[in-house]
>>> print(open('model.txt').read())   # compact mmCIF, C-alpha atoms and all ligand atoms
# COMPACT_ATOMS: atom_id res chain seq x y z
CA MET A 138 49.97 -21.37 -107.88
CA ALA A 139 47.09 -20.79 -110.28
CA ALA A 140 47.09 -24.54 -110.94
CA GLU A 141 46.96 -25.21 -107.18
CA PHE A 142 43.99 -22.85 -106.71
CA LEU A 143 42.21 -24.44 -109.69
CA GLU A 144 42.76 -27.94 -108.29
CA HIS A 145 41.33 -26.83 -104.94
CA ALA A 146 38.34 -25.16 -106.62
CA GLU A 147 37.55 -28.40 -108.47
CA GLU A 148 37.83 -30.40 -105.26
CA GLU A 149 35.52 -27.94 -103.48
CA GLN A 150 32.97 -28.47 -106.26
CA GLU A 151 33.28 -32.21 -105.63
CA HIS A 152 32.59 -31.62 -101.93
CA ALA A 153 29.40 -29.77 -102.80
CA ASP A 154 28.38 -32.68 -105.06
CA ILE A 155 29.14 -35.26 -102.35
CA ALA A 156 27.11 -33.33 -99.76
CA ALA A 157 24.21 -32.74 -102.20
CA THR A 158 24.14 -36.41 -103.22
CA ARG A 159 24.03 -37.54 -99.60
CA ILE A 160 21.29 -35.03 -98.73
CA THR A 161 19.25 -36.39 -101.67
CA GLN A 162 19.87 -40.00 -100.59
CA LEU A 163 18.54 -39.11 -97.15
CA GLY A 164 15.37 -37.70 -98.71
CA GLY A 165 16.30 -34.05 -98.33
CA GLU A 166 16.64 -31.29 -100.86
CA PRO A 167 20.02 -29.63 -101.23
CA ASN A 168 19.85 -25.84 -101.18
CA PHE A 169 21.67 -24.51 -104.25
CA ASP A 170 20.22 -21.01 -103.99
CA PRO A 171 23.13 -18.55 -104.25
CA LYS A 172 21.01 -16.15 -102.21
CA GLY A 173 21.94 -16.59 -98.57
CA LEU A 174 25.08 -18.51 -99.45
CA ALA A 175 27.26 -16.00 -97.59
CA SER A 176 25.10 -16.15 -94.45
CA ARG A 177 24.95 -19.96 -94.52
CA SER A 178 28.69 -20.26 -95.06
CA HIS A 179 30.96 -20.94 -92.09
CA ALA A 180 33.86 -19.05 -93.64
CA GLU A 181 33.74 -15.39 -94.64
CA TYR A 182 34.42 -14.26 -98.17
CA VAL A 183 37.42 -11.93 -98.03
CA GLU A 184 39.02 -10.71 -101.22
CA GLY A 185 42.81 -10.74 -101.00
CA LYS A 186 44.54 -7.67 -102.42
CA SER A 187 47.81 -9.49 -103.04
CA LEU A 188 48.83 -13.08 -103.63
CA LEU A 189 50.06 -13.27 -100.05
CA ASP A 190 46.67 -11.97 -98.81
CA MET A 191 44.79 -14.49 -100.96
CA VAL A 192 46.81 -17.39 -99.61
CA ARG A 193 46.47 -16.11 -96.04
CA GLU A 194 42.68 -15.76 -96.36
CA ASP A 195 42.42 -19.18 -97.99
CA LEU A 196 44.42 -20.75 -95.17
CA ILE A 197 41.94 -19.26 -92.66
CA ALA A 198 39.00 -20.58 -94.70
CA GLU A 199 40.52 -24.06 -95.01
CA ARG A 200 41.10 -24.19 -91.25
CA ILE A 201 37.47 -23.22 -90.67
CA ALA A 202 36.45 -26.01 -93.08
CA VAL A 203 38.60 -28.51 -91.13
CA GLN A 204 36.95 -27.35 -87.88
CA SER A 205 33.45 -27.56 -89.38
CA TYR A 206 33.90 -31.08 -90.79
CA ASN A 207 35.39 -32.22 -87.48
CA ASP A 208 32.28 -30.85 -85.73
CA ILE A 209 30.00 -32.64 -88.21
CA ILE A 210 31.86 -35.95 -87.79
CA ARG A 211 31.71 -35.63 -83.99
CA TYR A 212 28.00 -34.82 -84.20
CA LEU A 213 27.33 -37.88 -86.40
CA GLY A 214 29.16 -40.25 -84.08
CA ASP A 215 28.10 -43.79 -85.00
CA ASP A 216 24.59 -42.82 -86.05
CA ASP A 217 25.17 -42.55 -89.80
CA PRO A 218 28.30 -44.36 -91.05
CA THR A 219 27.71 -43.54 -94.74
CA THR A 220 27.53 -39.80 -94.13
CA ARG A 221 30.42 -40.06 -91.75
CA ILE A 222 32.66 -41.74 -94.35
CA ALA A 223 31.73 -39.03 -96.88
CA MET A 224 32.53 -36.29 -94.36
CA GLU A 225 35.82 -37.96 -93.42
CA HIS A 226 36.80 -38.03 -97.09
CA ILE A 227 36.08 -34.29 -97.38
CA LEU A 228 37.91 -33.58 -94.11
CA GLY A 229 41.02 -35.30 -95.47
CA LYS A 230 40.92 -33.04 -98.53
CA GLU A 231 40.43 -29.90 -96.44
CA GLU A 232 43.43 -30.84 -94.32
CA GLU A 233 45.47 -31.21 -97.53
CA HIS A 234 44.24 -27.79 -98.70
CA ALA A 235 45.22 -26.15 -95.40
CA ASP A 236 48.62 -27.83 -95.55
CA ASP A 237 49.15 -26.68 -99.17
CA MET A 238 48.25 -23.09 -98.22
CA LYS A 239 50.53 -23.17 -95.18
CA LYS A 240 53.45 -24.30 -97.35
CA LEU A 241 52.69 -21.65 -99.98
CA LEU A 242 52.49 -19.00 -97.29
CA GLU A 243 55.87 -20.08 -95.90
CA THR A 244 57.43 -19.98 -99.38
CA LEU A 245 56.00 -16.53 -100.07
CA SER A 246 57.03 -15.19 -96.66
CA THR A 247 60.60 -16.50 -96.78
CA ASN A 248 61.02 -15.00 -100.24
CA GLY A 249 59.80 -11.72 -98.77
CA ARG A 250 57.42 -11.35 -101.67
CA ASP A 251 54.07 -9.66 -101.31
CA LEU A 252 52.82 -9.79 -104.91
FE FE B 301 35.59 -28.36 -99.39
FE FE B 302 39.27 -26.75 -99.05
>>> encode(input="model.txt", output="structure tokens")
Amino acid sequence: MAAEFLEHAEEEQEHADIAATRITQLGGEPNFDPKGLASRSHAEYVEGKSLLDMVREDLIAERIAVQSYNDIIRYLGDDDPTTRIAMEHILGKEEEHADDMKKLLETLSTNGRDL
């Protein structure tokens, strides 16, 4: 499970890089300031007290990410194909993350473990 979380964390870092690169290509300046990160974030930061809690909270966050990228893709429409392709790539990853967390949650729940 630690390996799964690490893999996801690395992929999330990639998403930040993809978004920042595209913002730069469009002449903008990506905002890397950790201040205000929580208020700019779509998902809330909730610390899980147990493994089950952590997976549950992550599943919620991944589903919010899926929703957000769907909104962005819908907003873009056909206006910016390059950004759209980048966002679709990220969306695919977020859907995988949500699916991974759902499976983990099912495994943990059926084993009746709340570590
Ligand atoms: Fe992500
Ligand atoms: Fe994710």
>>> atom_distance(input="model.txt", atom1="atom CA of A:Ile227", atom2="atom CA of A:Asp154")
11.0 Å
>>> residues_near_ligand(input="model.txt", ligand="ligand FE 301 (chain B)", cutoff="7 Å", atoms="only C-alpha atoms and all ligand atoms", output="list of chain:residue names")
A:Glu148, A:Glu149, A:His152, A:Ala202, A:Ile227, A:Glu231
>>> atom_distance(input="model.txt", atom1="atom CA of A:Met224", atom2="atom CA of A:Ser176")
21.5 Å
>>> closest_residue(input="model.txt", among="A:Ala156, A:Arg193, A:His145, A:Glu225", to="A:Phe169", atoms="all atoms listed in the file")
A:Ala156
>>> residues_near_ligand(input="model.txt", ligand="ligand FE 302 (chain B)", cutoff="10 Å", atoms="only C-alpha atoms and all ligand atoms", output="list of chain:residue names")
A:Phe142, A:Glu144, A:His145, A:Ala146, A:Glu147, A:Glu148, A:Glu149, A:Gln150, A:His152, A:Asp195, A:Leu196, A:Ala198, A:Glu199, A:Arg200, A:Ile201, A:Ala202, A:Val203, A:Ile227, A:Leu228, A:Gly229, A:Lys230, A:Glu231, A:Glu232, A:Glu233, A:His234, A:Ala235, A:Asp237, A:Met238
>>> closest_residue(input="model.txt", among="A:Glu166, A:Asp236, A:Glu141, A:Asp208", to="A:His179", atoms="all atoms listed in the file")
A:Asp208
>>> residues_around(input="model.txt", residues="A:Ile209", least_positions_apart="2", cutoff="10 Å", atoms="all atoms listed in the file", output="MDAnalysis selection string")
chainID A and resid 203:207 211:214 220:221 224:225 228
>>> closest_residue(input="model.txt", among="A:Leu242, A:Ile160, A:Leu143, A:Ile210", to="A:Glu194", atoms="only C-alpha atoms")
A:Leu242
